[in-house]
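Participant: Below you will find the structure I want to go over with you.
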Amino acid sequence: RALAPDGLAICAFPGAGSLPALRGIMLAADGDRPAPRLHPAVDVRAGGQLLQRAGFADPVVDQQPVRVRYRSLARLLGDVRAMGLSACLERGGPPIDRAGHARALAAFEAAGEVVETFEVL
């Protein structure tokens, strides 16, 4: 209702190709019992369909990968939190314990310098 008829809205949201390295690190941290930890992601086609269902008449959706190099897991997690991509699930998993955090750090360090992808739709 905030847009004028035939107005233009420019939106951006994370797409399905986002955070592949962090997803792997979180799987390693959870061990035998993986838990939902990251935001649900949609691909380009689903993004356009969601915009249509929200009432936008002629949505045009494009994707742009943004790659960022991280030298520490703390910095990566800080950026994810700053973007509002953490703890957004109504029923997220249980908190990661010390052993899980140690596994996450080990997985990050085993990968060396991590290049993370943020897929922006």
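Convention: chains lettered A, B, ... in structure tokens order; per-chain residue numbering from 1; ligands numbered from 1 as shown.
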Among region 24-116 of chain A, which residues does DSSP mark as alpha helix (DSSP H) when it is run on the backbone? Keep the chain and numbering as in the structure and answer as a PyMOL selection string.
Facilitator: chain A and resi 24-30+44-53+73-82+98-111
Participant: Okay, now the selection with N, CA and C atoms, as a compact mmCIF listing (two decimals), in the first residue's frame?
Facilitator:
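Written file, again.txt:
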# COMPACT_ATOMS: atom_id res chain seq x y z
N GLY A 24 28.44 -25.64 5.66
CA GLY A 24 29.30 -26.81 5.90
C GLY A 24 29.94 -26.77 7.28
N ILE A 25 30.37 -25.59 7.70
CA ILE A 25 30.98 -25.44 9.02
C ILE A 25 29.96 -25.74 10.12
N MET A 26 28.74 -25.28 9.95
CA MET A 26 27.70 -25.54 10.95
C MET A 26 27.32 -27.02 10.99
N LEU A 27 27.34 -27.68 9.84
CA LEU A 27 27.09 -29.12 9.84
C LEU A 27 28.17 -29.85 10.62
N ALA A 28 29.42 -29.42 10.44
CA ALA A 28 30.52 -30.02 11.20
C ALA A 28 30.37 -29.74 12.69
N ALA A 29 29.92 -28.54 13.04
CA ALA A 29 29.75 -28.17 14.45
C ALA A 29 28.66 -29.00 15.12
N ASP A 30 27.60 -29.29 14.38
CA ASP A 30 26.48 -30.03 14.96
C ASP A 30 26.77 -31.52 15.10
N VAL A 44 16.22 -17.88 -7.77
CA VAL A 44 15.73 -16.76 -8.58
C VAL A 44 14.27 -16.95 -8.97
N ARG A 45 13.94 -18.13 -9.45
CA ARG A 45 12.57 -18.39 -9.91
C ARG A 45 11.58 -18.25 -8.75
N ALA A 46 11.90 -18.86 -7.61
CA ALA A 46 11.02 -18.78 -6.45
C ALA A 46 10.92 -17.34 -5.95
N GLY A 47 11.99 -16.57 -6.05
CA GLY A 47 11.96 -15.16 -5.64
C GLY A 47 10.95 -14.37 -6.45
N GLY A 48 10.94 -14.58 -7.77
CA GLY A 48 9.96 -13.91 -8.62
C GLY A 48 8.54 -14.33 -8.29
N GLN A 49 8.34 -15.61 -8.04
CA GLN A 49 7.02 -16.11 -7.70
C GLN A 49 6.54 -15.54 -6.36
N LEU A 50 7.45 -15.43 -5.41
CA LEU A 50 7.08 -14.84 -4.12
C LEU A 50 6.67 -13.38 -4.27
N LEU A 51 7.38 -12.63 -5.11
CA LEU A 51 7.01 -11.24 -5.33
C LEU A 51 5.65 -11.12 -6.01
N GLN A 52 5.36 -12.02 -6.95
CA GLN A 52 4.04 -12.01 -7.58
C GLN A 52 2.96 -12.31 -6.56
N ARG A 53 3.18 -13.29 -5.71
CA ARG A 53 2.20 -13.63 -4.69
C ARG A 53 2.00 -12.49 -3.70
N LEU A 73 36.52 -17.18 11.78
CA LEU A 73 35.12 -17.57 11.90
C LEU A 73 34.34 -16.49 12.64
N ALA A 74 34.96 -15.85 13.62
CA ALA A 74 34.29 -14.80 14.38
C ALA A 74 33.87 -13.64 13.48
N ARG A 75 34.72 -13.27 12.54
CA ARG A 75 34.40 -12.17 11.61
C ARG A 75 33.26 -12.56 10.69
N LEU A 76 33.28 -13.79 10.17
CA LEU A 76 32.20 -14.28 9.32
C LEU A 76 30.87 -14.27 10.08
N LEU A 77 30.87 -14.82 11.29
CA LEU A 77 29.65 -14.84 12.09
C LEU A 77 29.19 -13.43 12.45
N GLY A 78 30.13 -12.54 12.69
CA GLY A 78 29.78 -11.14 12.98
C GLY A 78 29.08 -10.49 11.81
N ASP A 79 29.57 -10.72 10.60
CA ASP A 79 28.92 -10.16 9.41
C ASP A 79 27.53 -10.76 9.20
N VAL A 80 27.39 -12.06 9.42
CA VAL A 80 26.09 -12.71 9.27
C VAL A 80 25.09 -12.12 10.26
N ARG A 81 25.52 -11.91 11.49
CA ARG A 81 24.65 -11.30 12.50
C ARG A 81 24.31 -9.87 12.14
N ALA A 82 25.28 -9.11 11.65
CA ALA A 82 25.05 -7.70 11.31
C ALA A 82 24.04 -7.56 10.16
N ARG A 98 30.42 -26.09 23.74
CA ARG A 98 31.87 -25.87 23.56
C ARG A 98 32.48 -26.84 22.56
N ALA A 99 32.05 -28.10 22.63
CA ALA A 99 32.60 -29.10 21.70
C ALA A 99 32.18 -28.76 20.27
N GLY A 100 30.95 -28.33 20.08
CA GLY A 100 30.49 -27.94 18.75
C GLY A 100 31.23 -26.73 18.23
N HIS A 101 31.49 -25.76 19.12
CA HIS A 101 32.26 -24.58 18.72
C HIS A 101 33.67 -24.97 18.32
N ALA A 102 34.27 -25.90 19.05
CA ALA A 102 35.61 -26.37 18.71
C ALA A 102 35.60 -27.07 17.34
N ARG A 103 34.54 -27.85 17.06
CA ARG A 103 34.44 -28.51 15.74
C ARG A 103 34.27 -27.47 14.63
N ALA A 104 33.50 -26.41 14.90
CA ALA A 104 33.31 -25.34 13.90
C ALA A 104 34.64 -24.64 13.62
N LEU A 105 35.38 -24.31 14.66
CA LEU A 105 36.69 -23.68 14.47
C LEU A 105 37.64 -24.58 13.70
N ALA A 106 37.63 -25.86 14.02
CA ALA A 106 38.50 -26.81 13.33
C ALA A 106 38.12 -26.90 11.85
N ALA A 107 36.81 -26.92 11.55
CA ALA A 107 36.37 -26.98 10.15
C ALA A 107 36.76 -25.72 9.40
N PHE A 108 36.65 -24.55 10.06
CA PHE A 108 37.04 -23.29 9.43
C PHE A 108 38.54 -23.27 9.16
N GLU A 109 39.33 -23.67 10.16
CA GLU A 109 40.78 -23.65 10.01
C GLU A 109 41.26 -24.67 9.00
N ALA A 110 40.54 -25.81 8.87
CA ALA A 110 40.92 -26.82 7.89
C ALA A 110 40.71 -26.30 6.47
N ALA A 111 39.75 -25.41 6.31
CA ALA A 111 39.48 -24.85 4.98
C ALA A 111 40.50 -23.78 4.62
Participant: Could you name the residues that touch Thr117 (chain A) at 9 Å or less, counting only C-alpha atoms, but leaving out those on the same chain fewer than 6 positions away, as a PyMOL selection string?
Facilitator: chain A and resi 17-21+65-69
Participant: Using only C-alpha atoms for the distances, tell me which of A:Ala35, A:Leu22, A:Val115, A:Ala4 is nearest to Gly93 (chain A).
Facilitator: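 Nearest to Gly93 (chain A): A:Ala35.
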Participant: Restricting the calculation to only C-alpha atoms, which member of A:Ala16, A:Val60, A:Ala54, A:Val42 is positioned closest to Phe118 (chain A)?
Facilitator: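 Answer, going by the shortest atom-to-atom distance: A:Ala16.
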Participant: Go through chain A and collect every residue that DSSP, computed from the backbone, puts in strand (DSSP E or B); the answer should be as a list of chain:residue names.
Facilitator: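 Restricting chain A to strand (DSSP E or B) produces A:Pro14, A:Gly15, A:Leu38, A:Val42, A:Gln64, A:Pro65, A:Val66, A:Arg67, A:Val68, A:Arg69, A:Tyr70, A:Ser86, A:Val114, A:Val115, A:Glu116, A:Thr117, A:Phe118, A:Glu119, A:Val120.
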Participant: Identify which of the residues A:Asp32, A:Gly15, A:Leu38, A:Arg1 lies closest to Leu85 (chain A), counting only C-alpha atoms when measuring atom-to-atom distances.
Facilitator: A:Leu38
Participant: My list of candidates is A:Tyr70, A:Glu116, A:Pro95, A:Met83. Which is closest to Arg37 (chain A) when distances are computed with only C-alpha atoms?
Facilitator: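 The closest residue to Arg37 (chain A) is A:Pro95.
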